[in-house]
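Listing of protein31.cif; format and content: mmCIF, C-alpha atoms.
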```cif
data_data
#
loop_
_atom_site.label_atom_id
_atom_site.label_comp_id
_atom_site.auth_asym_id
_atom_site.auth_seq_id
_atom_site.Cartn_x
_atom_site.Cartn_y
_atom_site.Cartn_z
CA MET Y 287 128.74 113.61 68.77
CA LYS Y 288 130.79 114.89 65.87
CA VAL Y 289 127.91 117.07 64.76
CA MET Y 290 127.79 118.54 68.23
CA LEU Y 291 131.51 119.39 68.19
CA GLU Y 292 131.27 121.01 64.79
CA ARG Y 293 128.24 123.00 65.78
CA VAL Y 294 129.90 124.31 68.94
CA ARG Y 295 133.18 125.02 67.15
CA LYS Y 296 131.34 126.97 64.47
CA LEU Y 297 129.41 128.99 67.02
CA LEU Y 298 132.66 129.86 68.82
CA ASN Y 299 134.58 130.62 65.61
CA ASP Y 300 131.82 132.82 64.22
CA GLY Y 301 131.83 134.76 67.44
CA ARG Y 302 128.13 134.12 68.00
CA ILE Y 303 128.92 132.91 71.50
CA ASP Y 304 131.69 133.71 73.96
CA GLY Y 305 131.47 130.44 75.83
CA PHE Y 306 129.82 127.06 75.58
CA ILE Y 307 128.61 125.36 78.74
CA GLY Y 308 128.78 121.61 78.48
CA LEU Y 309 130.19 118.61 80.26
CA ARG Y 310 133.64 117.08 80.23
CA LEU Y 311 135.48 114.48 82.27
CA GLN Y 312 137.33 115.91 85.24
CA HIS Y 313 139.16 113.45 87.47
CA GLY Y 314 137.17 110.71 85.83
CA GLN Y 315 133.82 112.34 86.61
CA PRO Y 316 131.57 114.28 84.24
CA ALA Y 317 131.59 117.88 85.38
CA PRO Y 318 130.39 121.18 83.94
CA TYR Y 319 132.88 123.19 81.96
CA MET Y 320 132.74 126.35 79.93
CA PHE Y 321 134.59 126.02 76.63
CA THR Y 322 135.78 129.36 75.29
CA LYS Y 323 137.30 130.46 72.01
CA GLU Y 324 140.77 130.26 73.51
CA ASP Y 325 140.54 126.64 74.53
CA ARG Y 326 138.48 125.36 71.61
CA ASP Y 327 141.09 122.64 71.10
CA ASP Y 328 139.81 121.23 74.37
CA LEU Y 329 136.44 120.73 72.72
CA GLU Y 330 137.46 117.14 71.98
CA SER Y 331 136.97 116.43 75.67
CA LEU Y 332 133.29 117.44 75.52
CA ILE Y 333 131.09 114.53 76.49
CA VAL Y 334 127.51 113.74 75.59
CA GLY Y 335 125.58 110.83 77.00
CA ASP Y 336 122.97 109.95 79.54
CA VAL Y 337 124.80 111.95 82.21
CA ARG Y 338 122.67 114.79 83.44
CA TYR Y 339 123.77 117.92 85.21
CA PRO Y 340 122.05 121.24 86.07
CA LEU Y 341 123.88 123.14 83.33
CA ASN Y 342 121.26 125.88 83.36
CA LYS Y 343 122.17 126.58 86.96
CA ALA Y 344 125.82 127.00 85.98
CA LEU Y 345 124.75 129.17 83.05
CA LEU Y 346 122.60 131.33 85.31
CA ARG Y 347 125.46 131.92 87.67
CA ILE Y 348 127.99 132.81 84.98
CA ALA Y 349 125.50 134.95 83.06
CA ARG Y 350 124.66 136.93 86.18
CA GLN Y 351 128.31 137.77 86.65
CA ASN Y 352 128.91 138.47 82.95
CA PRO Y 353 125.75 140.04 81.59
CA GLU Y 354 127.54 141.31 78.48
CA LEU Y 355 128.63 137.88 77.23
CA ARG Y 356 126.75 135.42 75.04
CA PHE Y 357 126.58 131.73 75.81
CA GLY Y 358 125.85 128.43 74.22
CA VAL Y 359 124.50 125.67 76.40
CA MET Y 360 123.84 121.98 75.95
CA VAL Y 361 120.14 121.28 76.46
CA ARG Y 362 117.90 118.26 76.80
CA GLY Y 363 114.12 118.44 76.58
CA CYS Y 364 113.88 119.37 80.24
CA ASP Y 365 116.72 121.92 80.04
CA GLU Y 366 115.00 123.61 77.15
CA ARG Y 367 111.77 123.88 79.14
CA GLY Y 368 113.90 125.35 81.92
CA LEU Y 369 115.43 127.94 79.59
CA ILE Y 370 111.98 128.97 78.35
CA GLU Y 371 110.82 129.51 81.94
CA LEU Y 372 114.03 131.32 82.92
CA PHE Y 373 113.48 133.73 80.03
CA LYS Y 374 109.90 134.30 81.15
CA TRP Y 375 110.96 134.87 84.76
CA ASN Y 376 113.50 137.44 83.47
CA GLN Y 377 116.47 135.52 84.80
CA LEU Y 378 118.26 135.10 81.49
CA ASN Y 379 118.35 137.19 78.34
CA GLN Y 380 116.98 135.20 75.44
CA ASP Y 381 119.15 137.08 72.93
CA ARG Y 382 122.31 136.02 74.71
CA VAL Y 383 121.70 132.28 74.97
CA ILE Y 384 121.97 129.78 72.12
CA PRO Y 385 120.86 126.25 73.05
CA VAL Y 386 122.42 123.23 71.38
CA GLY Y 387 120.03 120.33 71.78
CA ILE Y 388 120.45 116.64 72.44
CA ALA Y 389 117.64 114.11 72.47
CA CYS Y 390 117.50 111.63 75.34
CA SER Y 391 117.68 107.88 74.92
CA SER Y 392 114.49 105.89 75.31
CA GLN Y 393 115.81 104.33 78.55
CA LEU Y 394 116.36 107.75 80.05
CA ALA Y 395 112.97 108.98 78.88
CA GLU Y 396 111.40 105.90 80.45
CA ALA Y 397 113.26 106.34 83.73
CA CYS Y 398 112.31 110.02 83.93
CA GLU Y 399 108.74 109.44 82.74
CA CYS Y 400 109.41 112.52 80.64
CA TYR Y 401 106.59 113.69 78.41
CA LYS Y 402 108.91 115.35 75.92
CA PRO Y 403 112.44 113.88 76.08
CA TYR Y 404 113.77 116.01 73.23
CA PRO Y 405 114.20 119.76 72.66
CA SER Y 406 112.71 121.59 69.68
CA GLU Y 407 115.98 121.17 67.73
CA TRP Y 408 118.71 118.67 68.40
CA VAL Y 409 122.01 117.58 66.88
CA VAL Y 410 122.66 114.37 68.81
CA GLY Y 411 120.37 111.41 69.40
CA GLU Y 412 116.97 110.50 68.05
CA LYS Y 413 113.49 111.55 68.95
CA THR Y 414 111.94 109.00 71.29
CA GLN Y 415 108.39 108.60 72.47
CA GLY Y 416 107.50 110.54 75.60
CA VAL Y 417 105.67 109.03 78.55
CA SER Y 418 102.26 110.60 79.13
CA LYS Y 419 101.08 108.72 82.24
CA SER Y 420 103.39 108.65 85.24
CA LYS Y 421 103.42 105.31 87.06
CA ARG Y 422 104.82 106.96 90.18
CA LEU Y 423 101.83 109.24 90.43
CA GLN Y 424 99.40 106.43 89.73
CA LYS Y 425 100.93 104.33 92.47
CA ILE Y 426 100.44 107.03 95.09
CA GLU Y 427 97.04 108.12 93.84
CA GLY Y 428 95.93 104.51 94.15
CA MET Y 429 96.59 104.54 97.90
CA LYS Y 430 94.01 105.41 100.54
CA GLN Y 431 94.22 108.79 102.25
CA ASP Y 432 95.81 107.51 105.47
CA GLU Y 433 98.27 105.34 103.53
CA ARG Y 434 99.34 108.35 101.52
CA LEU Y 435 99.80 110.33 104.70
CA SER Y 436 102.01 107.77 106.40
CA TYR Y 437 103.92 107.16 103.16
CA TRP Y 438 104.74 110.84 102.70
CA MET Y 439 105.42 111.56 106.35
CA GLY Y 440 107.79 108.57 106.41
CA GLN Y 441 109.56 109.94 103.36
CA PHE Y 442 109.63 113.56 104.55
CA ASN Y 443 111.01 112.60 107.94
CA LYS Y 444 114.12 111.14 106.29
CA CYS Y 445 115.08 114.71 105.37
CA ILE Y 446 118.38 115.90 106.78
CA LYS Y 447 117.71 119.44 105.54
CA CYS Y 448 120.82 119.59 103.38
CA TYR Y 449 119.03 121.82 100.84
CA GLY Y 450 120.45 119.59 98.10
CA CYS Y 451 117.13 119.65 96.22
CA ARG Y 452 117.15 123.41 96.18
CA ASP Y 453 120.83 123.73 95.33
CA ALA Y 454 120.60 121.31 92.41
CA CYS Y 455 117.39 122.84 91.08
CA PRO Y 456 118.01 124.89 87.92
CA MET Y 457 114.78 126.77 88.58
CA CYS Y 458 115.65 127.82 92.14
CA PHE Y 459 117.05 131.21 91.25
CA CYS Y 460 115.82 133.31 94.19
CA GLU Y 461 118.54 135.21 96.01
CA VAL Y 462 116.71 134.92 99.32
CA CYS Y 463 115.16 131.53 99.99
CA SER Y 464 112.02 131.31 102.08
CA LEU Y 465 113.09 127.85 103.23
CA GLU Y 466 115.79 129.64 105.20
CA ASP Y 467 113.36 132.11 106.70
CA ARG Y 468 113.36 131.50 110.44
CA ASN Y 469 109.77 132.64 110.75
CA PHE Y 470 108.58 129.87 108.49
CA ILE Y 471 111.04 127.06 109.10
CA LEU Y 472 112.24 126.10 112.54
CA THR Y 473 116.01 126.01 112.74
CA GLY Y 474 118.26 123.69 114.72
CA LYS Y 475 115.99 120.66 114.57
CA LEU Y 476 115.99 117.51 112.48
CA PRO Y 477 113.96 116.39 110.66
CA PRO Y 478 112.61 119.79 109.64
CA GLU Y 479 109.01 120.69 110.34
CA ASN Y 480 107.12 118.32 108.12
CA PRO Y 481 105.15 118.55 105.96
CA THR Y 482 105.68 122.34 105.97
CA PHE Y 483 109.25 122.19 104.72
CA HIS Y 484 108.57 119.96 101.74
CA LEU Y 485 105.15 121.33 100.87
CA SER Y 486 106.54 124.89 100.96
CA ARG Y 487 109.12 123.93 98.40
CA ALA Y 488 106.47 122.15 96.37
CA VAL Y 489 104.30 125.28 96.35
CA HIS Y 490 107.27 127.26 95.07
CA MET Y 491 107.61 124.83 92.18
CA VAL Y 492 104.34 126.00 90.64
CA GLY Y 493 105.12 127.28 87.16
CA ARG Y 494 108.79 126.55 87.71
CA CYS Y 495 109.37 122.80 87.94
CA ILE Y 496 110.24 121.50 84.49
CA ASP Y 497 110.53 117.92 85.73
CA CYS Y 498 114.24 117.35 85.24
CA GLY Y 499 114.44 115.25 88.41
CA LEU Y 500 117.84 116.51 89.48
CA CYS Y 501 116.43 117.25 92.95
CA GLU Y 502 115.72 113.60 93.51
CA GLU Y 503 119.15 112.58 92.20
CA ALA Y 504 120.77 115.06 94.57
CA CYS Y 505 118.81 113.89 97.60
CA PRO Y 506 121.05 111.84 99.95
CA SER Y 507 118.00 110.43 101.73
CA ASN Y 508 116.23 109.27 98.56
CA ILE Y 509 113.05 111.19 99.23
CA PRO Y 510 110.87 110.92 96.10
CA VAL Y 511 110.59 114.70 95.75
CA ARG Y 512 110.36 114.38 92.00
CA THR Y 513 107.04 112.58 92.37
CA LEU Y 514 105.76 115.43 94.50
CA TYR Y 515 106.81 118.05 91.96
CA LYS Y 516 105.43 115.96 89.12
CA LYS Y 517 102.11 116.25 90.91
CA VAL Y 518 102.58 120.02 91.16
CA GLY Y 519 103.02 120.11 87.39
CA GLU Y 520 99.90 117.99 86.94
CA ILE Y 521 97.83 120.24 89.22
CA VAL Y 522 99.00 123.35 87.34
CA SER Y 523 98.13 121.79 84.02
CA GLU Y 524 94.74 120.49 85.19
CA VAL Y 525 93.62 123.56 87.10
CA PHE Y 526 95.07 126.30 84.93
CA GLY Y 527 95.78 124.55 81.64
CA TYR Y 528 99.39 125.70 81.81
CA ARG Y 529 102.23 123.32 81.02
CA THR Y 530 105.45 124.62 82.48
CA GLY Y 531 108.09 125.43 79.91
CA GLU Y 532 106.11 124.05 77.00
CA SER Y 533 105.94 127.23 74.97
CA ALA Y 534 107.18 130.78 75.06
CA ASP Y 535 103.60 132.07 75.26
CA GLY Y 536 101.77 132.78 78.48
CA LYS Y 537 103.03 133.09 81.98
CA SER Y 538 102.91 130.98 85.10
CA PRO Y 539 99.35 131.24 86.51
CA LEU Y 540 100.55 132.29 89.96
CA ASN Y 541 102.68 134.95 88.32
CA ILE Y 542 99.72 136.79 86.84
CA LEU Y 543 97.61 139.11 88.94
CA GLY Y 544 94.03 138.43 87.99
CA GLU Y 545 92.72 136.24 85.17
CA VAL Y 546 90.96 133.56 87.08
CA THR Y 547 88.56 131.07 85.60
CA LEU Y 548 88.10 129.20 88.85
CA ASP Y 549 84.89 129.38 90.81
CA ILE Y 550 84.78 129.07 94.58
CA SER Y 551 82.78 125.84 94.23
CA ASP Y 552 85.63 124.29 92.17
CA VAL Y 553 88.07 124.93 94.97
CA ASN Y 554 86.01 123.62 97.87
CA LYS Y 555 84.64 120.52 96.21
CA MET C 240 83.77 102.85 125.45
CA ALA C 241 81.42 105.38 126.96
CA LYS C 242 84.39 107.47 127.95
CA GLU C 243 85.68 107.47 124.38
CA THR C 244 82.39 108.70 123.01
CA LYS C 245 82.44 111.45 125.55
CA SER C 246 85.91 112.63 124.58
CA GLU C 247 84.82 112.63 120.95
CA GLU C 248 81.83 114.74 121.78
CA SER C 249 83.85 117.18 123.81
CA PHE C 250 86.47 117.66 121.10
CA GLU C 251 86.73 121.36 120.59
CA PRO C 252 88.75 122.06 117.45
CA LYS C 253 91.12 124.96 117.07
CA ILE C 254 90.39 126.81 113.87
CA ILE C 255 92.54 129.61 112.55
CA ALA C 256 90.44 132.08 110.57
CA PHE C 257 92.18 134.57 108.31
CA LEU C 258 89.72 137.39 107.68
CA CYS C 259 90.23 140.17 105.20
CA ASN C 260 90.03 143.63 106.72
CA TRP C 261 87.61 145.12 104.22
CA CYS C 262 84.91 142.48 103.83
CA SER C 263 84.99 139.44 106.04
CA TYR C 264 86.27 141.10 109.20
CA ALA C 265 83.50 143.65 108.84
CA GLY C 266 81.15 140.74 108.15
CA ALA C 267 82.26 139.14 111.43
CA ASP C 268 81.70 142.45 113.14
CA LEU C 269 78.19 142.63 111.73
CA ALA C 270 77.51 139.09 112.92
CA GLY C 271 78.71 140.20 116.35
CA VAL C 272 76.67 143.37 116.66
CA SER C 273 73.62 141.61 115.25
CA ARG C 274 74.09 138.90 117.90
CA PHE C 275 74.13 135.97 115.46
CA GLN C 276 75.25 132.87 117.31
CA TYR C 277 78.21 130.89 116.04
CA PRO C 278 80.74 128.53 117.67
CA SER C 279 83.70 130.06 119.42
CA ASN C 280 86.33 127.68 118.02
CA THR C 281 87.81 130.16 115.59
CA ARG C 282 90.86 132.24 116.35
CA THR C 283 90.69 135.23 114.11
CA ILE C 284 93.67 136.80 112.40
CA ARG C 285 92.87 139.99 110.59
CA VAL C 286 94.83 140.53 107.39
CA MET C 287 94.61 143.46 105.02
CA CYS C 288 93.78 141.18 102.10
CA THR C 289 93.49 137.43 101.61
CA GLY C 290 96.06 137.93 98.85
CA THR C 291 98.66 138.58 101.55
CA ILE C 292 98.23 135.07 102.96
CA SER C 293 101.07 132.94 101.74
CA PRO C 294 100.72 129.15 101.61
CA HIS C 295 103.51 129.27 104.21
CA HIS C 296 101.11 130.81 106.72
CA ILE C 297 98.49 128.15 106.09
CA LEU C 298 101.01 125.32 106.37
CA LYS C 299 102.50 126.83 109.48
CA ALA C 300 99.07 127.01 111.10
CA PHE C 301 98.55 123.30 110.46
CA GLN C 302 102.05 122.54 111.66
CA LYS C 303 101.43 124.36 114.91
CA GLY C 304 98.37 122.24 115.56
CA ALA C 305 95.40 123.95 113.95
CA ASP C 306 92.59 121.50 113.21
CA GLY C 307 91.26 123.70 110.45
CA VAL C 308 92.16 126.84 108.55
CA LEU C 309 89.44 129.13 107.30
CA LEU C 310 90.14 131.85 104.75
CA LEU C 311 87.45 134.44 104.19
CA GLY C 312 87.78 137.28 101.73
CA CYS C 313 85.82 139.66 99.54
CA HIS C 314 83.79 138.35 96.64
CA ILE C 315 85.58 138.21 93.30
CA GLY C 316 85.44 141.67 91.81
CA ASP C 317 84.94 143.37 95.20
CA CYS C 318 88.55 143.22 96.41
CA HIS C 319 89.71 146.48 97.95
CA TYR C 320 93.00 145.96 96.13
CA LEU C 321 91.15 144.92 92.96
CA LYS C 322 92.70 141.51 92.41
CA GLY C 323 94.08 140.23 95.70
CA ASN C 324 91.51 137.49 96.03
CA TYR C 325 92.27 136.28 92.50
CA MET C 326 95.66 135.22 93.85
CA THR C 327 94.15 133.57 96.91
CA ILE C 328 91.84 131.30 94.98
CA LYS C 329 94.67 130.16 92.71
CA ARG C 330 96.99 129.46 95.62
CA VAL C 331 94.34 127.61 97.57
CA ALA C 332 93.47 125.49 94.55
CA VAL C 333 97.11 124.38 94.25
CA LEU C 334 97.62 123.88 97.97
CA LYS C 335 94.47 121.80 98.31
CA GLY C 336 95.61 119.57 95.46
CA LEU C 337 98.95 119.07 97.17
CA LEU C 338 97.41 118.39 100.58
CA LYS C 339 95.17 115.78 99.02
CA PHE C 340 98.07 114.11 97.21
CA THR C 341 100.16 113.89 100.36
CA GLY C 342 97.25 112.44 102.33
CA PHE C 343 96.31 115.41 104.50
CA GLN C 344 92.59 116.02 104.63
CA GLU C 345 92.22 118.95 102.31
CA GLU C 346 88.74 119.65 103.72
CA ARG C 347 90.52 121.17 106.71
CA LEU C 348 91.33 124.13 104.52
CA TYR C 349 88.33 126.17 103.44
CA LEU C 350 88.07 129.31 101.38
CA ASP C 351 84.93 131.36 100.99
CA TRP C 352 83.83 134.88 100.20
CA VAL C 353 81.95 136.87 102.84
CA SER C 354 81.14 140.52 102.26
CA ALA C 355 80.74 143.19 104.94
CA ALA C 356 76.97 142.92 104.63
CA GLU C 357 76.85 139.15 105.04
CA GLY C 358 76.79 138.72 108.80
CA VAL C 359 74.37 135.81 108.48
CA LYS C 360 76.61 134.10 105.94
CA PHE C 361 79.63 134.57 108.20
CA ALA C 362 77.91 132.86 111.10
CA GLU C 363 76.68 130.11 108.80
CA VAL C 364 80.13 129.46 107.25
CA VAL C 365 81.80 129.33 110.67
CA ARG C 366 79.10 127.05 112.02
CA SER C 367 79.23 124.56 109.15
CA PHE C 368 83.04 124.56 109.00
CA THR C 369 83.33 123.97 112.75
CA GLN C 370 80.83 121.15 112.46
CA LYS C 371 82.83 119.58 109.63
CA ILE C 372 86.08 119.77 111.58
CA LYS C 373 84.38 118.25 114.62
CA GLU C 374 83.31 115.33 112.45
CA LEU C 375 86.82 114.94 111.03
CA GLY C 376 88.32 114.91 114.50
CA PRO C 377 91.70 116.23 115.61
CA SER C 378 94.29 116.93 112.93
CA HIS C 379 96.40 113.89 111.99
CA LEU C 380 99.47 116.04 112.32
CA LYS C 381 98.72 116.26 116.03
CA THR C 382 97.56 112.72 116.61
CA SER C 383 99.94 110.60 114.53
CA PHE C 384 103.11 112.58 114.10
CA SER C 385 103.70 114.71 117.15
#
```
Please render this file's structure as structure tokens.
Amino acid sequence: MKVMLERVRKLLNDGRIDGFIGLRLQHGQPAPYMFTKEDRDDLESLIVGDVRYPLNKALLRIARQNPELRFGVMVRGCDERGLIELFKWNQLNQDRVIPVGIACSSQLAEACECYKPYPSEWVVGEKTQGVSKSKRLQKIEGMKQDERLSYWMGQFNKCIKCYGCRDACPMCFCEVCSLEDRNFILTGKLPPENPTFHLSRAVHMVGRCIDCGLCEEACPSNIPVRTLYKKVGEIVSEVFGYRTGESADGKSPLNILGEVTLDISDVNK
Amino acid sequence: MAKETKSEESFEPKIIAFLCNWCSYAGADLAGVSRFQYPSNTRTIRVMCTGTISPHHILKAFQKGADGVLLLGCHIGDCHYLKGNYMTIKRVAVLKGLLKFTGFQEERLYLDWVSAAEGVKFAEVVRSFTQKIKELGPSHLKTSFS
């Protein structure tokens, strides 16, 4: 914790960053806050723990409005994957963002079933073992086809179409959202057209979802959307050998025109 | 009982076929002018390239009650826009994986390549796909969740 404070203070004092986006208690609740050079005395109120928040989303918003400024941001393993993808998707300028890493606790890593619960460099916490096999996926894959269908339709039909999953998602950066396109999604009806609504969002998560799980935490109806997007990540890694946010090399497979190793017989099997 | 068997036999699926303008639509045309017989369950939508078909369109077709969705495009390397069909195959691979995971029969979505010279193949693909959908029966989206 102290190391974190010193690191941030040094970055601000040296003028390497204009603001640091982290969390602090506001009205007793952890909330995002941008610490600047002027209020660096407030840095004492910075909190670090198992609380998670889409800080990248806040960063994206501020950076869009202030493209000339440089920022520091608190990152976990998932946030770092998110930053890597946001750089690749040209949403953030890599030269203007300095991540300050924290490693997640083993309980958190377990709860998230995160395969890499630590960023490449961190100042707080200790490296814990990632989870390679997701029990949530195994549970659903173990069901029969009709069981899976009724399970998912039951879950999807709880949707109240609040767009909480999209609004919390640090990777949902589009200015126009196809989930609000009246030609694709029927308006004025609840639940939304299922499975179209949820599968459309899932398709958009290809090469984007970094498995932070904030969508599921935001969902007021407790739809296990994270499980669905975990599967998207698994499909992308199995079919294209691309792990979202893992390294700065390569691009999302659906973001490249051409380069296909698939054969038609692989798809229709 | 006998009545049930009859209704099963008389099930005529609705199949939405997206055909690319440059290859498969011409292939369908060739099948037509050559008088190759194939079932009339497909409703054809001509698109300029299979690469223009978004997963949204496919999902919407299923949502609106299609029993099957057929995508036919140019062979890899023959795309009029060079690499449109490269996108299609990637999208379909992902979408099929998702449909399978959520319990929808992913066989109801079928992608194949039919060139302008392959009238016989067009008729054959439509025939076998229609047969498969007939065996699968009406879409679960229509029967269980409407």
Determine, counting only C-alpha atoms, which protein, DNA and RNA residues have an atom within 10 Å of an atom of Ile307 in chain Y; residues of the same chain fewer than 5 positions away are not included. Present the result as a PyMOL selection string.
chain Y and resi 294+318-322+332+341-342+344-345+348+357-361+385-386
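In this structure, CA of Leu329 in chain Y sits 6.8 Å away from CA of Leu291 in chain Y.
Around the coordinate (99.0, 132.0, 86.3), residues that reach within 8 Å when counting only C-alpha atoms are Gly493, Phe526, Tyr528, Lys537, Ser538, Pro539, Leu540, Asn541, Ile542, Leu543 and Glu545 of chain Y; Lys329 of chain C.
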Output for the residues just chosen: C-alpha atoms as a PDB file, in the frame of the given file:
```pdb
ATOM      1  CA  GLY Y 493     105.120 127.280  87.160  1.00  0.00           C
ATOM      2  CA  PHE Y 526      95.070 126.300  84.930  1.00  0.00           C
ATOM      3  CA  TYR Y 528      99.390 125.700  81.810  1.00  0.00           C
ATOM      4  CA  LYS Y 537     103.030 133.090  81.980  1.00  0.00           C
ATOM      5  CA  SER Y 538     102.910 130.980  85.100  1.00  0.00           C
ATOM      6  CA  PRO Y 539      99.350 131.240  86.510  1.00  0.00           C
ATOM      7  CA  LEU Y 540     100.550 132.290  89.960  1.00  0.00           C
ATOM      8  CA  ASN Y 541     102.680 134.950  88.320  1.00  0.00           C
ATOM      9  CA  ILE Y 542      99.720 136.790  86.840  1.00  0.00           C
ATOM     10  CA  LEU Y 543      97.610 139.110  88.940  1.00  0.00           C
ATOM     11  CA  GLU Y 545      92.720 136.240  85.170  1.00  0.00           C
TER      12      GLU Y 545
ATOM     13  CA  LYS C 329      94.670 130.160  92.710  1.00  0.00           C
TER      14      LYS C 329
END
```
Using all atoms listed in the file, I'd like a table of the residues in chain C that come within 10 Å of chain Y; for each, show the closest atom pair and its distance in Å rounded to one decimal, ordered by chain and ascending number, as JSON lines.
```
{"residue": "C:Ser293", "atom": "CA", "partner": "Y:Ser486", "partner_atom": "CA", "distance": 9.8}
{"residue": "C:Pro294", "atom": "CA", "partner": "Y:Ser486", "partner_atom": "CA", "distance": 7.2}
{"residue": "C:His295", "atom": "CA", "partner": "Y:Ser486", "partner_atom": "CA", "distance": 6.2}
{"residue": "C:His296", "atom": "CA", "partner": "Y:Phe470", "partner_atom": "CA", "distance": 7.7}
{"residue": "C:Ile297", "atom": "CA", "partner": "Y:Thr482", "partner_atom": "CA", "distance": 9.2}
{"residue": "C:Leu298", "atom": "CA", "partner": "Y:Thr482", "partner_atom": "CA", "distance": 5.6}
{"residue": "C:Lys299", "atom": "CA", "partner": "Y:Thr482", "partner_atom": "CA", "distance": 6.5}
{"residue": "C:Ala300", "atom": "CA", "partner": "Y:Thr482", "partner_atom": "CA", "distance": 9.6}
{"residue": "C:Phe301", "atom": "CA", "partner": "Y:Thr482", "partner_atom": "CA", "distance": 8.5}
{"residue": "C:Gln302", "atom": "CA", "partner": "Y:Thr482", "partner_atom": "CA", "distance": 6.8}
{"residue": "C:Lys303", "atom": "CA", "partner": "Y:Glu479", "partner_atom": "CA", "distance": 9.6}
{"residue": "C:His314", "atom": "CA", "partner": "Y:Ile550", "partner_atom": "CA", "distance": 9.6}
{"residue": "C:Ile315", "atom": "CA", "partner": "Y:Asp549", "partner_atom": "CA", "distance": 9.2}
{"residue": "C:Gly316", "atom": "CA", "partner": "Y:Gly544", "partner_atom": "CA", "distance": 9.9}
{"residue": "C:Leu321", "atom": "CA", "partner": "Y:Gly544", "partner_atom": "CA", "distance": 8.7}
{"residue": "C:Lys322", "atom": "CA", "partner": "Y:Gly544", "partner_atom": "CA", "distance": 5.5}
{"residue": "C:Gly323", "atom": "CA", "partner": "Y:Leu543", "partner_atom": "CA", "distance": 7.7}
{"residue": "C:Asn324", "atom": "CA", "partner": "Y:Gly544", "partner_atom": "CA", "distance": 8.5}
{"residue": "C:Tyr325", "atom": "CA", "partner": "Y:Gly544", "partner_atom": "CA", "distance": 5.3}
{"residue": "C:Met326", "atom": "CA", "partner": "Y:Leu543", "partner_atom": "CA", "distance": 6.6}
{"residue": "C:Thr327", "atom": "CA", "partner": "Y:Leu540", "partner_atom": "CA", "distance": 9.5}
{"residue": "C:Ile328", "atom": "CA", "partner": "Y:Val553", "partner_atom": "CA", "distance": 7.4}
{"residue": "C:Lys329", "atom": "CA", "partner": "Y:Leu540", "partner_atom": "CA", "distance": 6.8}
{"residue": "C:Arg330", "atom": "CA", "partner": "Y:Leu540", "partner_atom": "CA", "distance": 7.3}
{"residue": "C:Val331", "atom": "CA", "partner": "Y:Val553", "partner_atom": "CA", "distance": 7.3}
{"residue": "C:Ala332", "atom": "CA", "partner": "Y:Val553", "partner_atom": "CA", "distance": 5.4}
{"residue": "C:Val333", "atom": "CA", "partner": "Y:Ile521", "partner_atom": "CA", "distance": 6.6}
{"residue": "C:Leu334", "atom": "CA", "partner": "Y:Val489", "partner_atom": "CA", "distance": 7.0}
{"residue": "C:Lys335", "atom": "CA", "partner": "Y:Val553", "partner_atom": "CA", "distance": 7.9}
{"residue": "C:Gly336", "atom": "CA", "partner": "Y:Ile521", "partner_atom": "CA", "distance": 6.7}
{"residue": "C:Leu337", "atom": "CA", "partner": "Y:Val518", "partner_atom": "CA", "distance": 7.1}
{"residue": "C:Leu338", "atom": "CA", "partner": "Y:Leu485", "partner_atom": "CA", "distance": 8.3}
{"residue": "C:Lys339", "atom": "CA", "partner": "Y:Gln431", "partner_atom": "CA", "distance": 7.8}
{"residue": "C:Phe340", "atom": "CA", "partner": "Y:Glu427", "partner_atom": "CA", "distance": 6.9}
{"residue": "C:Thr341", "atom": "CA", "partner": "Y:Leu435", "partner_atom": "CA", "distance": 5.6}
{"residue": "C:Gly342", "atom": "CA", "partner": "Y:Leu435", "partner_atom": "CA", "distance": 4.1}
{"residue": "C:Phe343", "atom": "CA", "partner": "Y:Leu435", "partner_atom": "CA", "distance": 6.2}
{"residue": "C:Gln344", "atom": "CA", "partner": "Y:Gln431", "partner_atom": "CA", "distance": 7.8}
{"residue": "C:Glu345", "atom": "CA", "partner": "Y:Asn554", "partner_atom": "CA", "distance": 8.9}
{"residue": "C:Glu346", "atom": "CA", "partner": "Y:Asn554", "partner_atom": "CA", "distance": 7.6}
{"residue": "C:Leu348", "atom": "CA", "partner": "Y:Asn554", "partner_atom": "CA", "distance": 8.5}
{"residue": "C:Tyr349", "atom": "CA", "partner": "Y:Asn554", "partner_atom": "CA", "distance": 6.6}
{"residue": "C:Leu350", "atom": "CA", "partner": "Y:Asn554", "partner_atom": "CA", "distance": 7.0}
{"residue": "C:Asp351", "atom": "CA", "partner": "Y:Ile550", "partner_atom": "CA", "distance": 6.8}
{"residue": "C:Trp352", "atom": "CA", "partner": "Y:Ile550", "partner_atom": "CA", "distance": 8.1}
{"residue": "C:His379", "atom": "CA", "partner": "Y:Leu435", "partner_atom": "CA", "distance": 8.8}
{"residue": "C:Leu380", "atom": "CA", "partner": "Y:Pro481", "partner_atom": "CA", "distance": 8.9}
{"residue": "C:Ser383", "atom": "CA", "partner": "Y:Ser436", "partner_atom": "CA", "distance": 8.9}
{"residue": "C:Phe384", "atom": "CA", "partner": "Y:Met439", "partner_atom": "CA", "distance": 8.2}
```
Who sits within 9 Å of Gly450 in chain Y, all atoms listed in the file, same chain under 2 positions skipped, as a list in words:
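What passes the distance filter is Lys447, Cys448, Arg452, Asp453, Ala454, Cys455, Cys501, Glu502, Ala504, Cys505 and Pro506 of chain Y.
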Apply the PyMOL selection byres ((chain C and resi 252) around 9) to the structure shown and report the selected residues as JSON, numbers by chain.
{"C": [250, 251, 253, 254, 280, 281, 305, 306, 307, 369, 372, 373, 376, 377, 378]}
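Put simply, CA of Asp328 in chain Y is 16.3 Å away from CA of Gln315 in chain Y.
Each of Y:Lys516, Y:Arg338, Y:Lys444, Y:Lys402 was compared to Cys495 in chain Y using all atoms listed in the file, and Y:Lys516 turns out to be the nearest.
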